[in-house]
>>> print(open('structure_28.pdb').read())   # PDB, C-alpha atoms and all ligand atoms
ATOM      1  CA  MET A  14      85.684 -69.558  27.225  1.00  0.00           C
ATOM      2  CA  ILE A  15      89.021 -71.317  27.471  1.00  0.00           C
ATOM      3  CA  GLU A  16      89.378 -74.407  25.313  1.00  0.00           C
ATOM      4  CA  PRO A  17      91.078 -77.395  26.912  1.00  0.00           C
ATOM      5  CA  VAL A  18      94.475 -78.058  25.398  1.00  0.00           C
ATOM      6  CA  ALA A  19      96.012 -81.496  24.844  1.00  0.00           C
ATOM      7  CA  ARG A  20      98.591 -81.953  27.587  1.00  0.00           C
ATOM      8  CA  ALA A  21      99.983 -84.368  30.092  1.00  0.00           C
ATOM      9  CA  LEU A  22      99.646 -82.874  33.548  1.00  0.00           C
ATOM     10  CA  GLN A  23     102.593 -83.509  35.834  1.00  0.00           C
ATOM     11  CA  VAL A  24     102.579 -80.841  38.525  1.00  0.00           C
ATOM     12  CA  ALA A  25      99.936 -79.320  40.802  1.00  0.00           C
ATOM     13  CA  MET A  26     100.869 -75.864  42.096  1.00  0.00           C
ATOM     14  CA  VAL A  27      98.949 -75.441  45.329  1.00  0.00           C
ATOM     15  CA  ASP A  28      98.219 -72.222  47.210  1.00  0.00           C
ATOM     16  CA  VAL A  29      98.065 -72.287  51.043  1.00  0.00           C
ATOM     17  CA  GLY A  30      95.949 -69.510  52.692  1.00  0.00           C
ATOM     18  CA  GLY A  31      92.260 -70.129  51.865  1.00  0.00           C
ATOM     19  CA  THR A  32      93.249 -73.326  50.040  1.00  0.00           C
ATOM     20  CA  LEU A  33      95.057 -75.782  52.363  1.00  0.00           C
ATOM     21  CA  TRP A  34      94.479 -73.867  55.577  1.00  0.00           C
ATOM     22  CA  PRO A  35      92.180 -70.981  56.596  1.00  0.00           C
ATOM     23  CA  ASN A  36      92.526 -67.491  55.148  1.00  0.00           C
ATOM     24  CA  SER A  37      93.539 -66.129  58.528  1.00  0.00           C
ATOM     25  CA  TRP A  38      94.658 -67.558  61.827  1.00  0.00           C
ATOM     26  CA  PRO A  39      94.011 -66.205  65.304  1.00  0.00           C
ATOM     27  CA  LEU A  40      96.598 -63.745  66.528  1.00  0.00           C
ATOM     28  CA  ARG A  41      97.650 -64.373  70.089  1.00  0.00           C
ATOM     29  CA  GLU A  42      98.593 -62.126  72.967  1.00  0.00           C
ATOM     30  CA  THR A  43     101.771 -64.178  73.334  1.00  0.00           C
ATOM     31  CA  ASP A  44     102.876 -63.716  69.687  1.00  0.00           C
ATOM     32  CA  GLY A  45     104.977 -60.650  70.624  1.00  0.00           C
ATOM     33  CA  ALA A  46     106.805 -62.497  73.424  1.00  0.00           C
ATOM     34  CA  GLY A  47     107.232 -65.528  71.149  1.00  0.00           C
ATOM     35  CA  ARG A  48     108.889 -63.373  68.512  1.00  0.00           C
ATOM     36  CA  VAL A  49     111.215 -61.694  71.009  1.00  0.00           C
ATOM     37  CA  HIS A  50     112.244 -65.154  72.201  1.00  0.00           C
ATOM     38  CA  ARG A  51     112.841 -66.419  68.629  1.00  0.00           C
ATOM     39  CA  VAL A  52     114.775 -63.300  67.553  1.00  0.00           C
ATOM     40  CA  ALA A  53     116.869 -63.410  70.749  1.00  0.00           C
ATOM     41  CA  ALA A  54     117.707 -67.049  69.971  1.00  0.00           C
ATOM     42  CA  ALA A  55     118.725 -66.039  66.432  1.00  0.00           C
ATOM     43  CA  MET A  56     120.954 -63.187  67.745  1.00  0.00           C
ATOM     44  CA  PRO A  57     122.349 -64.498  71.056  1.00  0.00           C
ATOM     45  CA  ALA A  58     125.121 -61.867  71.247  1.00  0.00           C
ATOM     46  CA  ILE A  59     122.742 -58.884  71.151  1.00  0.00           C
ATOM     47  CA  ASP A  60     121.547 -56.995  74.237  1.00  0.00           C
ATOM     48  CA  PRO A  61     117.982 -58.137  75.189  1.00  0.00           C
ATOM     49  CA  ALA A  62     116.723 -54.528  75.247  1.00  0.00           C
ATOM     50  CA  VAL A  63     117.930 -54.032  71.650  1.00  0.00           C
ATOM     51  CA  VAL A  64     116.201 -57.266  70.595  1.00  0.00           C
ATOM     52  CA  GLU A  65     112.956 -56.040  72.150  1.00  0.00           C
ATOM     53  CA  ALA A  66     113.245 -52.678  70.372  1.00  0.00           C
ATOM     54  CA  LEU A  67     113.985 -54.467  67.078  1.00  0.00           C
ATOM     55  CA  VAL A  68     110.945 -56.763  67.348  1.00  0.00           C
ATOM     56  CA  ALA A  69     108.715 -53.819  68.318  1.00  0.00           C
ATOM     57  CA  ASP A  70     109.962 -51.883  65.268  1.00  0.00           C
ATOM     58  CA  LEU A  71     109.482 -54.898  62.937  1.00  0.00           C
ATOM     59  CA  THR A  72     105.965 -55.508  64.257  1.00  0.00           C
ATOM     60  CA  ARG A  73     104.973 -51.830  63.995  1.00  0.00           C
ATOM     61  CA  SER A  74     106.486 -51.418  60.526  1.00  0.00           C
ATOM     62  CA  SER A  75     104.798 -54.528  59.104  1.00  0.00           C
ATOM     63  CA  ARG A  76     101.355 -53.803  60.547  1.00  0.00           C
ATOM     64  CA  HIS A  77      99.881 -52.020  57.521  1.00  0.00           C
ATOM     65  CA  ILE A  78     100.413 -55.075  55.318  1.00  0.00           C
ATOM     66  CA  ASP A  79      97.325 -56.209  53.459  1.00  0.00           C
ATOM     67  CA  PRO A  80      96.310 -59.561  55.013  1.00  0.00           C
ATOM     68  CA  ALA A  81      94.501 -60.647  51.832  1.00  0.00           C
ATOM     69  CA  TRP A  82      97.754 -60.309  49.889  1.00  0.00           C
ATOM     70  CA  GLU A  83      95.853 -58.771  47.008  1.00  0.00           C
ATOM     71  CA  ALA A  84      98.021 -55.668  46.953  1.00  0.00           C
ATOM     72  CA  VAL A  85     101.722 -55.402  46.367  1.00  0.00           C
ATOM     73  CA  SER A  86     103.397 -54.992  49.767  1.00  0.00           C
ATOM     74  CA  PRO A  87     106.932 -53.912  50.671  1.00  0.00           C
ATOM     75  CA  ASP A  88     109.092 -57.000  50.893  1.00  0.00           C
ATOM     76  CA  SER A  89     110.068 -58.339  54.309  1.00  0.00           C
ATOM     77  CA  GLY A  90     113.799 -58.466  53.497  1.00  0.00           C
ATOM     78  CA  THR A  91     113.912 -54.704  52.924  1.00  0.00           C
ATOM     79  CA  LEU A  92     111.836 -54.098  56.041  1.00  0.00           C
ATOM     80  CA  VAL A  93     114.116 -56.275  58.197  1.00  0.00           C
ATOM     81  CA  ALA A  94     117.242 -54.572  56.807  1.00  0.00           C
ATOM     82  CA  THR A  95     115.781 -51.122  57.548  1.00  0.00           C
ATOM     83  CA  CYS A  96     114.820 -52.064  61.118  1.00  0.00           C
ATOM     84  CA  LEU A  97     118.249 -53.647  61.761  1.00  0.00           C
ATOM     85  CA  GLU A  98     119.907 -50.449  60.589  1.00  0.00           C
ATOM     86  CA  ARG A  99     117.712 -48.309  62.868  1.00  0.00           C
ATOM     87  CA  GLN A 100     118.933 -50.396  65.840  1.00  0.00           C
ATOM     88  CA  GLY A 101     122.560 -50.034  64.721  1.00  0.00           C
ATOM     89  CA  LEU A 102     122.801 -53.773  63.957  1.00  0.00           C
ATOM     90  CA  PRO A 103     124.480 -55.516  60.989  1.00  0.00           C
ATOM     91  CA  ARG A 104     122.143 -55.875  57.993  1.00  0.00           C
ATOM     92  CA  ASP A 105     123.957 -58.520  55.957  1.00  0.00           C
ATOM     93  CA  GLN A 106     121.937 -61.105  54.021  1.00  0.00           C
ATOM     94  CA  GLN A 107     122.462 -63.901  56.545  1.00  0.00           C
ATOM     95  CA  THR A 108     121.245 -61.768  59.479  1.00  0.00           C
ATOM     96  CA  VAL A 109     118.229 -60.549  57.484  1.00  0.00           C
ATOM     97  CA  MET A 110     117.301 -64.175  56.683  1.00  0.00           C
ATOM     98  CA  LEU A 111     117.653 -65.315  60.313  1.00  0.00           C
ATOM     99  CA  ILE A 112     115.507 -62.446  61.615  1.00  0.00           C
ATOM    100  CA  ARG A 113     112.860 -62.898  58.901  1.00  0.00           C
ATOM    101  CA  ARG A 114     112.546 -66.606  59.780  1.00  0.00           C
ATOM    102  CA  ALA A 115     112.455 -65.812  63.510  1.00  0.00           C
ATOM    103  CA  MET A 116     109.492 -63.462  62.870  1.00  0.00           C
ATOM    104  CA  ALA A 117     107.520 -66.303  61.190  1.00  0.00           C
ATOM    105  CA  VAL A 118     105.680 -67.654  64.227  1.00  0.00           C
ATOM    106  CA  PRO A 119     104.963 -71.388  63.734  1.00  0.00           C
ATOM    107  CA  VAL A 120     101.317 -72.118  62.924  1.00  0.00           C
ATOM    108  CA  PHE A 121     101.009 -75.804  63.857  1.00  0.00           C
ATOM    109  CA  ASP A 122      99.464 -75.204  67.290  1.00  0.00           C
ATOM    110  CA  ARG A 123      97.017 -72.535  66.183  1.00  0.00           C
ATOM    111  CA  LEU A 124      95.275 -73.807  63.088  1.00  0.00           C
ATOM    112  CA  LYS A 125      93.975 -76.935  61.471  1.00  0.00           C
ATOM    113  CA  PRO A 126      94.343 -77.653  57.763  1.00  0.00           C
ATOM    114  CA  LEU A 127      91.028 -77.156  55.926  1.00  0.00           C
ATOM    115  CA  PRO A 128      88.919 -80.334  55.584  1.00  0.00           C
ATOM    116  CA  GLY A 129      90.262 -82.552  52.805  1.00  0.00           C
ATOM    117  CA  ALA A 130      93.677 -80.839  52.628  1.00  0.00           C
ATOM    118  CA  PRO A 131      95.814 -83.912  53.476  1.00  0.00           C
ATOM    119  CA  GLU A 132      93.570 -86.006  51.213  1.00  0.00           C
ATOM    120  CA  LEU A 133      94.045 -83.585  48.295  1.00  0.00           C
ATOM    121  CA  LEU A 134      97.836 -83.712  48.655  1.00  0.00           C
ATOM    122  CA  ALA A 135      97.730 -87.525  48.812  1.00  0.00           C
ATOM    123  CA  ALA A 136      95.399 -87.637  45.783  1.00  0.00           C
ATOM    124  CA  ILE A 137      97.841 -85.561  43.719  1.00  0.00           C
ATOM    125  CA  HIS A 138     100.546 -88.173  44.378  1.00  0.00           C
ATOM    126  CA  ASP A 139      98.098 -91.028  43.716  1.00  0.00           C
ATOM    127  CA  LEU A 140      97.467 -89.449  40.296  1.00  0.00           C
ATOM    128  CA  GLY A 141     101.208 -89.686  39.630  1.00  0.00           C
ATOM    129  CA  MET A 142     101.658 -85.907  39.831  1.00  0.00           C
ATOM    130  CA  ARG A 143     103.981 -83.803  41.981  1.00  0.00           C
ATOM    131  CA  THR A 144     102.972 -81.037  44.382  1.00  0.00           C
ATOM    132  CA  VAL A 145     104.643 -77.646  44.487  1.00  0.00           C
ATOM    133  CA  ILE A 146     103.403 -75.196  47.118  1.00  0.00           C
ATOM    134  CA  THR A 147     103.075 -71.721  45.565  1.00  0.00           C
ATOM    135  CA  SER A 148     102.187 -69.183  48.242  1.00  0.00           C
ATOM    136  CA  ASN A 149     102.207 -65.480  49.016  1.00  0.00           C
ATOM    137  CA  THR A 150     103.833 -64.926  52.396  1.00  0.00           C
ATOM    138  CA  TYR A 151     105.448 -62.111  54.298  1.00  0.00           C
ATOM    139  CA  TRP A 152     107.949 -63.607  56.747  1.00  0.00           C
ATOM    140  CA  ARG A 153     107.870 -67.223  55.556  1.00  0.00           C
ATOM    141  CA  ASP A 154     110.312 -68.675  53.075  1.00  0.00           C
ATOM    142  CA  ALA A 155     110.399 -72.298  51.920  1.00  0.00           C
ATOM    143  CA  GLU A 156     112.344 -73.440  55.003  1.00  0.00           C
ATOM    144  CA  SER A 157     109.845 -71.851  57.415  1.00  0.00           C
ATOM    145  CA  TYR A 158     107.001 -73.521  55.519  1.00  0.00           C
ATOM    146  CA  TRP A 159     108.704 -76.936  55.603  1.00  0.00           C
ATOM    147  CA  ASP A 160     108.792 -76.627  59.425  1.00  0.00           C
ATOM    148  CA  ASP A 161     105.059 -75.809  59.424  1.00  0.00           C
ATOM    149  CA  PHE A 162     104.125 -78.650  57.075  1.00  0.00           C
ATOM    150  CA  ARG A 163     106.225 -81.196  58.993  1.00  0.00           C
ATOM    151  CA  LEU A 164     104.625 -80.220  62.303  1.00  0.00           C
ATOM    152  CA  LEU A 165     101.150 -80.323  60.719  1.00  0.00           C
ATOM    153  CA  GLY A 166     101.861 -83.800  59.295  1.00  0.00           C
ATOM    154  CA  MET A 167     101.434 -82.506  55.718  1.00  0.00           C
ATOM    155  CA  ALA A 168     105.015 -82.690  54.416  1.00  0.00           C
ATOM    156  CA  GLU A 169     104.867 -86.250  53.119  1.00  0.00           C
ATOM    157  CA  HIS A 170     102.915 -85.337  49.972  1.00  0.00           C
ATOM    158  CA  ILE A 171     104.713 -82.061  49.174  1.00  0.00           C
ATOM    159  CA  ASP A 172     107.649 -82.092  46.731  1.00  0.00           C
ATOM    160  CA  GLU A 173     108.699 -78.431  46.511  1.00  0.00           C
ATOM    161  CA  VAL A 174     107.855 -75.168  48.255  1.00  0.00           C
ATOM    162  CA  VAL A 175     108.094 -71.736  46.622  1.00  0.00           C
ATOM    163  CA  THR A 176     106.959 -68.606  48.457  1.00  0.00           C
ATOM    164  CA  SER A 177     106.844 -64.987  47.338  1.00  0.00           C
ATOM    165  CA  VAL A 178     109.781 -64.388  49.706  1.00  0.00           C
ATOM    166  CA  ASP A 179     111.830 -66.953  47.746  1.00  0.00           C
ATOM    167  CA  ALA A 180     110.685 -65.550  44.379  1.00  0.00           C
ATOM    168  CA  GLY A 181     111.106 -61.890  45.363  1.00  0.00           C
ATOM    169  CA  ARG A 182     107.614 -60.914  44.108  1.00  0.00           C
ATOM    170  CA  LEU A 183     104.057 -61.484  45.321  1.00  0.00           C
ATOM    171  CA  LYS A 184     101.463 -63.283  43.205  1.00  0.00           C
ATOM    172  CA  PRO A 185      99.838 -62.328  40.850  1.00  0.00           C
ATOM    173  CA  HIS A 186     103.332 -61.532  39.541  1.00  0.00           C
ATOM    174  CA  PRO A 187     104.374 -64.659  37.601  1.00  0.00           C
ATOM    175  CA  ALA A 188     107.715 -64.961  39.495  1.00  0.00           C
ATOM    176  CA  VAL A 189     106.352 -67.464  42.059  1.00  0.00           C
ATOM    177  CA  PHE A 190     104.987 -69.749  39.307  1.00  0.00           C
ATOM    178  CA  GLU A 191     108.080 -69.335  37.125  1.00  0.00           C
ATOM    179  CA  LEU A 192     110.347 -70.362  39.999  1.00  0.00           C
ATOM    180  CA  ALA A 193     107.997 -73.279  40.741  1.00  0.00           C
ATOM    181  CA  MET A 194     108.240 -74.468  37.098  1.00  0.00           C
ATOM    182  CA  GLN A 195     112.022 -74.168  37.285  1.00  0.00           C
ATOM    183  CA  ARG A 196     112.146 -76.228  40.502  1.00  0.00           C
ATOM    184  CA  ALA A 197     109.809 -78.852  39.060  1.00  0.00           C
ATOM    185  CA  GLY A 198     111.586 -78.856  35.692  1.00  0.00           C
ATOM    186  CA  VAL A 199     108.358 -78.707  33.673  1.00  0.00           C
ATOM    187  CA  PRO A 200     106.837 -76.264  31.169  1.00  0.00           C
ATOM    188  CA  ALA A 201     103.606 -74.384  31.911  1.00  0.00           C
ATOM    189  CA  GLU A 202     101.389 -76.749  29.919  1.00  0.00           C
ATOM    190  CA  ARG A 203     102.215 -79.575  32.365  1.00  0.00           C
ATOM    191  CA  CYS A 204     100.974 -77.580  35.376  1.00  0.00           C
ATOM    192  CA  ALA A 205      97.638 -77.029  37.081  1.00  0.00           C
ATOM    193  CA  VAL A 206      97.299 -74.235  39.624  1.00  0.00           C
ATOM    194  CA  ILE A 207      94.976 -74.825  42.587  1.00  0.00           C
ATOM    195  CA  GLY A 208      94.021 -71.776  44.639  1.00  0.00           C
ATOM    196  CA  ASN A 209      91.236 -69.700  46.159  1.00  0.00           C
ATOM    197  CA  SER A 210      92.014 -66.391  44.455  1.00  0.00           C
ATOM    198  CA  GLU A 211      90.877 -65.432  40.969  1.00  0.00           C
ATOM    199  CA  VAL A 212      93.428 -62.574  40.949  1.00  0.00           C
ATOM    200  CA  ASN A 213      96.439 -64.277  42.540  1.00  0.00           C
ATOM    201  CA  ASP A 214      96.047 -67.870  41.347  1.00  0.00           C
ATOM    202  CA  VAL A 215      93.691 -68.236  38.371  1.00  0.00           C
ATOM    203  CA  GLU A 216      94.685 -65.177  36.331  1.00  0.00           C
ATOM    204  CA  PRO A 217      98.476 -65.687  36.422  1.00  0.00           C
ATOM    205  CA  ALA A 218      97.982 -69.420  35.712  1.00  0.00           C
ATOM    206  CA  LEU A 219      95.960 -68.651  32.576  1.00  0.00           C
ATOM    207  CA  LYS A 220      98.418 -65.990  31.451  1.00  0.00           C
ATOM    208  CA  LEU A 221     101.253 -68.519  31.680  1.00  0.00           C
ATOM    209  CA  GLY A 222      99.240 -71.207  29.848  1.00  0.00           C
ATOM    210  CA  MET A 223      98.550 -73.428  32.856  1.00  0.00           C
ATOM    211  CA  LEU A 224      95.271 -75.065  33.856  1.00  0.00           C
ATOM    212  CA  ALA A 225      93.529 -73.554  36.873  1.00  0.00           C
ATOM    213  CA  ILE A 226      91.151 -74.837  39.543  1.00  0.00           C
ATOM    214  CA  LEU A 227      89.485 -72.236  41.761  1.00  0.00           C
ATOM    215  CA  VAL A 228      88.653 -73.680  45.200  1.00  0.00           C
ATOM    216  CA  HIS A 229      86.498 -72.044  47.849  1.00  0.00           C
ATOM    217  CA  PRO A 230      86.618 -74.201  51.010  1.00  0.00           C
ATOM    218  CA  ASP A 231      86.993 -71.030  53.131  1.00  0.00           C
ATOM    219  CA  ASP A 232      85.439 -68.358  50.861  1.00  0.00           C
ATOM    220  CA  PRO A 233      81.954 -67.600  49.512  1.00  0.00           C
ATOM    221  CA  ARG A 234      81.024 -69.258  46.220  1.00  0.00           C
ATOM    222  CA  PRO A 235      82.492 -67.080  43.441  1.00  0.00           C
ATOM    223  CA  GLU A 236      79.992 -65.403  41.123  1.00  0.00           C
ATOM    224  CA  SER A 237      82.174 -66.109  38.127  1.00  0.00           C
ATOM    225  CA  SER A 238      85.627 -67.387  37.313  1.00  0.00           C
ATOM    226  CA  ARG A 239      87.801 -67.980  34.273  1.00  0.00           C
ATOM    227  CA  ALA A 240      89.206 -71.145  35.889  1.00  0.00           C
ATOM    228  CA  HIS A 241      88.865 -74.475  34.066  1.00  0.00           C
ATOM    229  CA  ALA A 242      87.088 -75.889  37.127  1.00  0.00           C
ATOM    230  CA  ILE A 243      85.566 -74.537  40.350  1.00  0.00           C
ATOM    231  CA  ALA A 244      85.546 -76.716  43.473  1.00  0.00           C
ATOM    232  CA  PRO A 245      83.647 -75.932  46.685  1.00  0.00           C
ATOM    233  CA  ASP A 246      85.848 -78.259  48.740  1.00  0.00           C
ATOM    234  CA  LEU A 247      89.153 -80.057  48.442  1.00  0.00           C
ATOM    235  CA  TRP A 248      87.660 -83.483  47.676  1.00  0.00           C
ATOM    236  CA  ALA A 249      85.844 -81.932  44.710  1.00  0.00           C
ATOM    237  CA  CYS A 250      89.151 -80.352  43.746  1.00  0.00           C
ATOM    238  CA  ALA A 251      90.871 -83.752  43.694  1.00  0.00           C
ATOM    239  CA  GLU A 252      88.045 -85.051  41.467  1.00  0.00           C
ATOM    240  CA  ALA A 253      88.383 -82.057  39.109  1.00  0.00           C
ATOM    241  CA  LEU A 254      92.116 -82.719  38.854  1.00  0.00           C
ATOM    242  CA  ARG A 255      91.490 -86.401  38.095  1.00  0.00           C
ATOM    243  CA  THR A 256      89.076 -85.426  35.294  1.00  0.00           C
ATOM    244  CA  MET A 257      91.603 -82.949  33.887  1.00  0.00           C
ATOM    245  CA  LEU A 258      94.335 -85.554  33.926  1.00  0.00           C
ATOM    246  CA  GLN A 259      92.140 -88.122  32.173  1.00  0.00           C
ATOM    247  CA  SER A 260      91.297 -85.675  29.397  1.00  0.00           C
ATOM    248  CA  SER A 261      94.895 -84.472  29.050  1.00  0.00           C
TER     249      SER A 261
HETATM  250 MG    MG B   1      95.094 -68.075  48.956  1.00  0.00          MG
END
>>> encode(input="structure_28.pdb", output="structure tokens", more="lines below")
Ligand SMILES: [Mg+2]
Amino acid sequence: MIEPVARALQVAMVDVGGTLWPNSWPLRETDGAGRVHRVAAAMPAIDPAVVEALVADLTRSSRHIDPAWEAVSPDSGTLVATCLERQGLPRDQQTVMLIRRAMAVPVFDRLKPLPGAPELLAAIHDLGMRTVITSNTYWRDAESYWDDFRLLGMAEHIDEVVTSVDAGRLKPHPAVFELAMQRAGVPAERCAVIGNSEVNDVEPALKLGMLAILVHPDDPRPESSRAHAIAPDLWACAEALRTMLQSS
């Protein structure tokens, strides 16, 4: 049993997959062509056949990645650099970044935020707190996510975005949360983590001394959790956060 600690909450660190939008989104037949088009636009001087071979290699090489993000996966920067080298292309940092972003197919036209997601983000601001997105991703860095959130109409109530690509490690490694604290300029005791994973969200939050709310808008009800609160939907999550803030 975790005892509540006197604190003044200032920042909500919010997960994305299974929290703000569904755990998975439908893959499309046209994703491959879309990626070739995006990579070609990022590397206009490269022969189209080489671009196609590069995208095929990137897609094939990234296929074994665990979609639940529970396991440590090879990082996308290394993968992109390796594939660029195999095609005889430059593998400098700038090129790796451009190709990684080009591989992050935009999600705005293929998924809807989970019910209550915009309301939760607005509620966090209404409570006088800030929102930092803290998310495990493969291709997406903060800039890719900002494009997604703008197109989904969700950017207004987001203050910072930190992904595992930006932090260099996947949750449950604390790097994502440590970078988020640094960006927000607050210590752990001023933060509450909101997420759908006991392993990736709740456990690292508790280890760092943050509050934690486990949400399950897109998952079965958890049998048990060490989180300070469990919320079946995102409206209940906003209420749990309000209660936490009042008792902090
Ligand atoms: Mg999640």
>>> residues_around(input="structure_28.pdb", residues="range 25-29 of chain A", least_positions_apart="4", cutoff="7 Å", atoms="all atoms listed in the file", output="list in words")
Leu33, Trp34, Met142, Arg143, Thr144, Val145, Ile146, Thr147, Ser148, Cys204, Ala205, Val206, Ile207 and Gly208 of chain A
>>> resolve_selection(input="structure_28.pdb", expression="the PyMOL selection byres (((chain A and resi 173-177) around 10) and not hetatm)", output="ChimeraX atom specification")
/A:26-29,88,143-159,168,170-172,178-186,188-194,196-197
>>> closest_residue(input="structure_28.pdb", among="A:Arg203, A:Arg234, A:His229, A:Arg163", to="ligand MG 1 (chain B)", atoms="all atoms listed in the file")
A:His229
>>> atom_distance(input="structure_28.pdb", atom1="CA of Leu224 in chain A", atom2="CA of Trp38 in chain A")
29.0 Å
>>> resolve_selection(input="structure_28.pdb", expression="the PyMOL selection byres (((chain A and resi 101-114) around 12) and not hetatm)", output="PyMOL selection string")
chain A and resi 48-60+63-64+66-68+71-72+75+88-100+115-119+150-161+178-179
>>> resolve_selection(input="structure_28.pdb", expression="the PyMOL selection byres (((chain A and resi 247) around 10) and not hetatm)", output="PDB file with C-alpha atoms, in the frame of the given file")
ATOM      1  CA  THR A  32      93.249 -73.326  50.040  1.00  0.00           C
ATOM      2  CA  LEU A  33      95.057 -75.782  52.363  1.00  0.00           C
ATOM      3  CA  LEU A 127      91.028 -77.156  55.926  1.00  0.00           C
ATOM      4  CA  PRO A 128      88.919 -80.334  55.584  1.00  0.00           C
ATOM      5  CA  GLY A 129      90.262 -82.552  52.805  1.00  0.00           C
ATOM      6  CA  ALA A 130      93.677 -80.839  52.628  1.00  0.00           C
ATOM      7  CA  PRO A 131      95.814 -83.912  53.476  1.00  0.00           C
ATOM      8  CA  GLU A 132      93.570 -86.006  51.213  1.00  0.00           C
ATOM      9  CA  LEU A 133      94.045 -83.585  48.295  1.00  0.00           C
ATOM     10  CA  LEU A 134      97.836 -83.712  48.655  1.00  0.00           C
ATOM     11  CA  ILE A 207      94.976 -74.825  42.587  1.00  0.00           C
ATOM     12  CA  VAL A 228      88.653 -73.680  45.200  1.00  0.00           C
ATOM     13  CA  HIS A 229      86.498 -72.044  47.849  1.00  0.00           C
ATOM     14  CA  PRO A 230      86.618 -74.201  51.010  1.00  0.00           C
ATOM     15  CA  ALA A 244      85.546 -76.716  43.473  1.00  0.00           C
ATOM     16  CA  PRO A 245      83.647 -75.932  46.685  1.00  0.00           C
ATOM     17  CA  ASP A 246      85.848 -78.259  48.740  1.00  0.00           C
ATOM     18  CA  TRP A 248      87.660 -83.483  47.676  1.00  0.00           C
ATOM     19  CA  ALA A 249      85.844 -81.932  44.710  1.00  0.00           C
ATOM     20  CA  CYS A 250      89.151 -80.352  43.746  1.00  0.00           C
ATOM     21  CA  ALA A 251      90.871 -83.752  43.694  1.00  0.00           C
ATOM     22  CA  GLU A 252      88.045 -85.051  41.467  1.00  0.00           C
ATOM     23  CA  ALA A 253      88.383 -82.057  39.109  1.00  0.00           C
TER      24      ALA A 253
END
>>> closest_residue(input="structure_28.pdb", among="A:Gly45, A:Gly141, A:Pro61, A:Pro35", to="ligand MG 1 (chain B)", atoms="all atoms listed in the file")
A:Pro35
>>> atom_distance(input="structure_28.pdb", atom1="CA of Pro187 in chain A", atom2="CA of Asp232 in chain A")
23.4 Å
>>> atom_distance(input="structure_28.pdb", atom1="CA of Pro233 in chain A", atom2="CA of Asp44 in chain A")
29.3 Å
>>> closest_residue(input="structure_28.pdb", among="A:Leu219, A:Phe162, A:Ile226, A:Gly30", to="ligand MG 1 (chain B)", atoms="only C-alpha atoms and all ligand atoms")
A:Gly30
>>> build_atoms(input="structure_28.pdb", residues="range 51-62 of chain A", atoms="N, CA and C atoms", output="PDB file, in the coordinates of the input")
ATOM      1  N   ARG A  51     112.258 -65.823  69.840  1.00  0.00           N
ATOM      2  CA  ARG A  51     112.841 -66.419  68.629  1.00  0.00           C
ATOM      3  C   ARG A  51     113.966 -65.544  68.058  1.00  0.00           C
ATOM      4  N   VAL A  52     113.740 -64.211  68.079  1.00  0.00           N
ATOM      5  CA  VAL A  52     114.775 -63.300  67.553  1.00  0.00           C
ATOM      6  C   VAL A  52     115.996 -63.313  68.475  1.00  0.00           C
ATOM      7  N   ALA A  53     115.756 -63.350  69.794  1.00  0.00           N
ATOM      8  CA  ALA A  53     116.869 -63.410  70.749  1.00  0.00           C
ATOM      9  C   ALA A  53     117.691 -64.680  70.508  1.00  0.00           C
ATOM     10  N   ALA A  54     116.999 -65.792  70.228  1.00  0.00           N
ATOM     11  CA  ALA A  54     117.707 -67.049  69.971  1.00  0.00           C
ATOM     12  C   ALA A  54     118.520 -66.969  68.677  1.00  0.00           C
ATOM     13  N   ALA A  55     118.019 -66.194  67.714  1.00  0.00           N
ATOM     14  CA  ALA A  55     118.725 -66.039  66.432  1.00  0.00           C
ATOM     15  C   ALA A  55     119.920 -65.094  66.563  1.00  0.00           C
ATOM     16  N   MET A  56     119.876 -64.178  67.550  1.00  0.00           N
ATOM     17  CA  MET A  56     120.954 -63.187  67.745  1.00  0.00           C
ATOM     18  C   MET A  56     121.421 -63.225  69.198  1.00  0.00           C
ATOM     19  N   PRO A  57     122.037 -64.328  69.631  1.00  0.00           N
ATOM     20  CA  PRO A  57     122.349 -64.498  71.056  1.00  0.00           C
ATOM     21  C   PRO A  57     123.326 -63.453  71.614  1.00  0.00           C
ATOM     22  N   ALA A  58     124.105 -62.811  70.743  1.00  0.00           N
ATOM     23  CA  ALA A  58     125.121 -61.867  71.247  1.00  0.00           C
ATOM     24  C   ALA A  58     124.545 -60.467  71.488  1.00  0.00           C
ATOM     25  N   ILE A  59     123.304 -60.241  71.096  1.00  0.00           N
ATOM     26  CA  ILE A  59     122.742 -58.884  71.151  1.00  0.00           C
ATOM     27  C   ILE A  59     122.045 -58.637  72.495  1.00  0.00           C
ATOM     28  N   ASP A  60     122.197 -57.421  72.997  1.00  0.00           N
ATOM     29  CA  ASP A  60     121.547 -56.995  74.237  1.00  0.00           C
ATOM     30  C   ASP A  60     120.030 -57.223  74.166  1.00  0.00           C
ATOM     31  N   PRO A  61     119.429 -57.844  75.210  1.00  0.00           N
ATOM     32  CA  PRO A  61     117.982 -58.137  75.189  1.00  0.00           C
ATOM     33  C   PRO A  61     117.110 -56.901  74.930  1.00  0.00           C
ATOM     34  N   ALA A  62     117.521 -55.745  75.452  1.00  0.00           N
ATOM     35  CA  ALA A  62     116.723 -54.528  75.247  1.00  0.00           C
ATOM     36  C   ALA A  62     116.713 -54.132  73.769  1.00  0.00           C
TER      37      ALA A  62
END
